[in-house]
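Below: the structure, in structure tokens.
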Amino acid sequence: MKMLMKLLSVGLLLSAFAFAQQQTQKVVVDLTTGDAKTITSHFIKGFANTLEHLQKNGTGIDAVVIIHGDAYRFFVEKLEQSPYSNDKELQKRQQEFLAGFTMLAEKYHVRFEVCSQGMKARNLNIDIFYPFVHPVPSAQISLIEWQNRGYAYLPFR
């Protein structure tokens with residue numbers, strides 16, 4: 001009987017350890033930067049490295065990115081239909097940004113949300129954004145809701 005209790009205890013400990021290893025880390029990213037270097041080096045590469053590290057350690061990842069402020073420009077697919085149509089750097093690097101965002105969406109299942117209030121203020125229509133970008137009524141409301149669901153807050157300014 002004592003042996004059975006020990007085996008059960010060891011089994012429970014191993015199960016608890018395995019469950020802890022598969023814990024999901026939840027993060028909501030507050031993305032407001034309009035700086036291309038910050039987008040490529042800190043957000044796309046740096047955030048991808050963080051997600052990769054978590055994944056390699058057996059941790060699940062649930063990430064949401066809230067796009068607002070000066071970050072809209074990086075998520076516009078149809079530049080010619082936007083206020084950013086004359087932005088030469090954006091035109092030149094658009095495919096680079098798209099590749100990075102697509103990698104985050106496909107490899108790590110990152111959800112991208114864009115603030116509709118800010119879109120309205122900038123005369124941006126959702127039709128000009130990449131298909132993986134989802135409108136939300138307000139960046140602030142979305143940030144509050146995700147944090148109240150237990151998502152850690154991570155700013156990129």
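In the structure tokens, the first chain shown is A, the next is B, and so on; residue numbers restart at 1 for each chain, and ligands run from 1 in the order shown.
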### Task
From region 18-130 of chain A, collect each residue whose DSSP state is strand (DSSP E or B) and return the set as a ChimeraX atom specification.
/A:24-31,60-67,76,111-115,129
File of the preceding selection, C-alpha atoms, as a PDB file, in the first residue's frame:
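Listing of out24.pdb after writing:
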```
ATOM      1  CA  THR A  24       0.232  29.403 -21.918  1.00  0.00           C
ATOM      2  CA  GLN A  25       1.796  32.847 -21.674  1.00  0.00           C
ATOM      3  CA  LYS A  26      -0.644  35.594 -22.674  1.00  0.00           C
ATOM      4  CA  VAL A  27       0.528  38.995 -23.877  1.00  0.00           C
ATOM      5  CA  VAL A  28      -1.134  42.063 -25.341  1.00  0.00           C
ATOM      6  CA  VAL A  29       1.185  44.382 -27.249  1.00  0.00           C
ATOM      7  CA  ASP A  30       0.458  48.112 -27.291  1.00  0.00           C
ATOM      8  CA  LEU A  31       1.971  49.048 -30.669  1.00  0.00           C
ATOM      9  CA  GLY A  60       2.127  27.995 -25.158  1.00  0.00           C
ATOM     10  CA  ILE A  61       1.751  31.518 -26.488  1.00  0.00           C
ATOM     11  CA  ASP A  62      -1.344  33.654 -26.938  1.00  0.00           C
ATOM     12  CA  ALA A  63      -0.390  37.080 -28.303  1.00  0.00           C
ATOM     13  CA  VAL A  64      -2.501  40.024 -29.436  1.00  0.00           C
ATOM     14  CA  VAL A  65      -1.163  43.234 -30.973  1.00  0.00           C
ATOM     15  CA  ILE A  66      -3.204  46.441 -30.693  1.00  0.00           C
ATOM     16  CA  ILE A  67      -2.252  48.835 -33.518  1.00  0.00           C
ATOM     17  CA  VAL A  76      -1.577  49.373 -44.774  1.00  0.00           C
ATOM     18  CA  ARG A 111      -3.702  38.351 -33.614  1.00  0.00           C
ATOM     19  CA  PHE A 112      -3.513  41.911 -34.979  1.00  0.00           C
ATOM     20  CA  GLU A 113      -6.200  44.426 -33.996  1.00  0.00           C
ATOM     21  CA  VAL A 114      -6.466  48.019 -35.192  1.00  0.00           C
ATOM     22  CA  CYS A 115      -8.217  50.903 -33.431  1.00  0.00           C
ATOM     23  CA  PHE A 129      -5.227  47.136 -44.382  1.00  0.00           C
TER      24      PHE A 129
END
```
### Query
Do you know which residues are at most 12 Å from region 120-122 of chain A counting only C-alpha atoms, after dropping those on the same chain fewer than 2 positions away, and could you put them as a list of chain:residue names?
A:His68, A:Gly69, A:Asp70, A:Ala71, A:Tyr72, A:Arg73, A:Ser82, A:Pro83, A:Tyr84, A:Val114, A:Cys115, A:Ser116, A:Gln117, A:Gly118, A:Leu124, A:Asn125, A:Ile126, A:Pro135, A:Val136, A:Pro137, A:Ser138
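When only C-alpha atoms are used to measure the gap to Ala36 (chain A), the shortest distance among A:Leu90, A:Ile128, A:Leu98, A:Ile144 belongs to A:Leu90.
Taking CA of Tyr130 (chain A) and CA of Glu77 (chain A) as the two end points, the separation is 5.2 Å.
Atom to atom, CA of Lys78 (chain A) and CA of Pro131 (chain A) stand 11.1 Å apart.
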### Message
Neighbouring residues of His42 (chain A) were defined as those with any atom within 12 Å, considering only C-alpha atoms; residues of the same chain fewer than 2 positions away were excluded. Please report them as a ChimeraX atom specification.
### Response
/A:31,33,35-40,44-50,100,154-157
Keeping N, CA and C atoms for every residue in the selection just given, could you write it to a file as an mmCIF file, in the first residue's frame?
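Saved to result.cif:
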```
data_model
loop_
_atom_site.group_PDB
_atom_site.id
_atom_site.type_symbol
_atom_site.label_atom_id
_atom_site.label_comp_id
_atom_site.auth_asym_id
_atom_site.auth_seq_id
_atom_site.Cartn_x
_atom_site.Cartn_y
_atom_site.Cartn_z
ATOM 1 N N LEU A 31 1.069 48.632 -29.592
ATOM 2 C CA LEU A 31 1.971 49.048 -30.669
ATOM 3 C C LEU A 31 1.571 50.422 -31.189
ATOM 4 N N THR A 33 4.356 52.818 -32.199
ATOM 5 C CA THR A 33 5.508 53.450 -32.824
ATOM 6 C C THR A 33 5.317 53.672 -34.322
ATOM 7 N N ASP A 35 8.198 54.424 -35.940
ATOM 8 C CA ASP A 35 9.610 54.308 -36.312
ATOM 9 C C ASP A 35 9.878 52.944 -36.950
ATOM 10 N N ALA A 36 10.360 52.971 -38.188
ATOM 11 C CA ALA A 36 10.603 51.732 -38.939
ATOM 12 C C ALA A 36 11.641 50.844 -38.268
ATOM 13 N N LYS A 37 12.680 51.437 -37.688
ATOM 14 C CA LYS A 37 13.719 50.636 -37.027
ATOM 15 C C LYS A 37 13.148 49.905 -35.805
ATOM 16 N N THR A 38 12.314 50.582 -35.051
ATOM 17 C CA THR A 38 11.686 49.941 -33.897
ATOM 18 C C THR A 38 10.797 48.791 -34.346
ATOM 19 N N ILE A 39 10.069 48.979 -35.435
ATOM 20 C CA ILE A 39 9.197 47.921 -35.951
ATOM 21 C C ILE A 39 10.012 46.696 -36.348
ATOM 22 N N THR A 40 11.105 46.909 -37.098
ATOM 23 C CA THR A 40 11.876 45.749 -37.587
ATOM 24 C C THR A 40 12.736 45.121 -36.506
ATOM 25 N N ILE A 44 9.348 43.176 -34.683
ATOM 26 C CA ILE A 44 9.329 41.935 -35.465
ATOM 27 C C ILE A 44 10.405 40.964 -34.976
ATOM 28 N N LYS A 45 11.646 41.381 -34.965
ATOM 29 C CA LYS A 45 12.734 40.457 -34.592
ATOM 30 C C LYS A 45 12.745 40.170 -33.090
ATOM 31 N N GLY A 46 12.690 41.211 -32.283
ATOM 32 C CA GLY A 46 12.762 41.032 -30.831
ATOM 33 C C GLY A 46 11.578 40.266 -30.273
ATOM 34 N N PHE A 47 10.388 40.625 -30.709
ATOM 35 C CA PHE A 47 9.182 39.941 -30.230
ATOM 36 C C PHE A 47 9.179 38.494 -30.721
ATOM 37 N N ALA A 48 9.589 38.270 -31.970
ATOM 38 C CA ALA A 48 9.676 36.903 -32.495
ATOM 39 C C ALA A 48 10.672 36.073 -31.684
ATOM 40 N N ASN A 49 11.793 36.659 -31.297
ATOM 41 C CA ASN A 49 12.774 35.940 -30.471
ATOM 42 C C ASN A 49 12.181 35.558 -29.122
ATOM 43 N N THR A 50 11.420 36.460 -28.532
ATOM 44 C CA THR A 50 10.767 36.183 -27.254
ATOM 45 C C THR A 50 9.767 35.037 -27.403
ATOM 46 N N GLY A 100 7.488 40.102 -42.049
ATOM 47 C CA GLY A 100 7.628 39.976 -40.599
ATOM 48 C C GLY A 100 6.291 39.777 -39.907
ATOM 49 N N LEU A 154 2.593 44.752 -22.853
ATOM 50 C CA LEU A 154 3.927 44.988 -23.402
ATOM 51 C C LEU A 154 3.861 46.155 -24.394
ATOM 52 N N PRO A 155 4.441 47.313 -24.029
ATOM 53 C CA PRO A 155 4.385 48.466 -24.933
ATOM 54 C C PRO A 155 5.546 48.486 -25.945
ATOM 55 N N PHE A 156 5.231 48.899 -27.164
ATOM 56 C CA PHE A 156 6.233 49.193 -28.189
ATOM 57 C C PHE A 156 5.921 50.592 -28.682
ATOM 58 N N ARG A 157 6.735 51.543 -28.223
ATOM 59 C CA ARG A 157 6.499 52.958 -28.562
ATOM 60 C C ARG A 157 7.616 53.517 -29.385
#
```
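Between CA of Gly34 (chain A) and CA of Phe74 (chain A) lies a distance of 7.9 Å.
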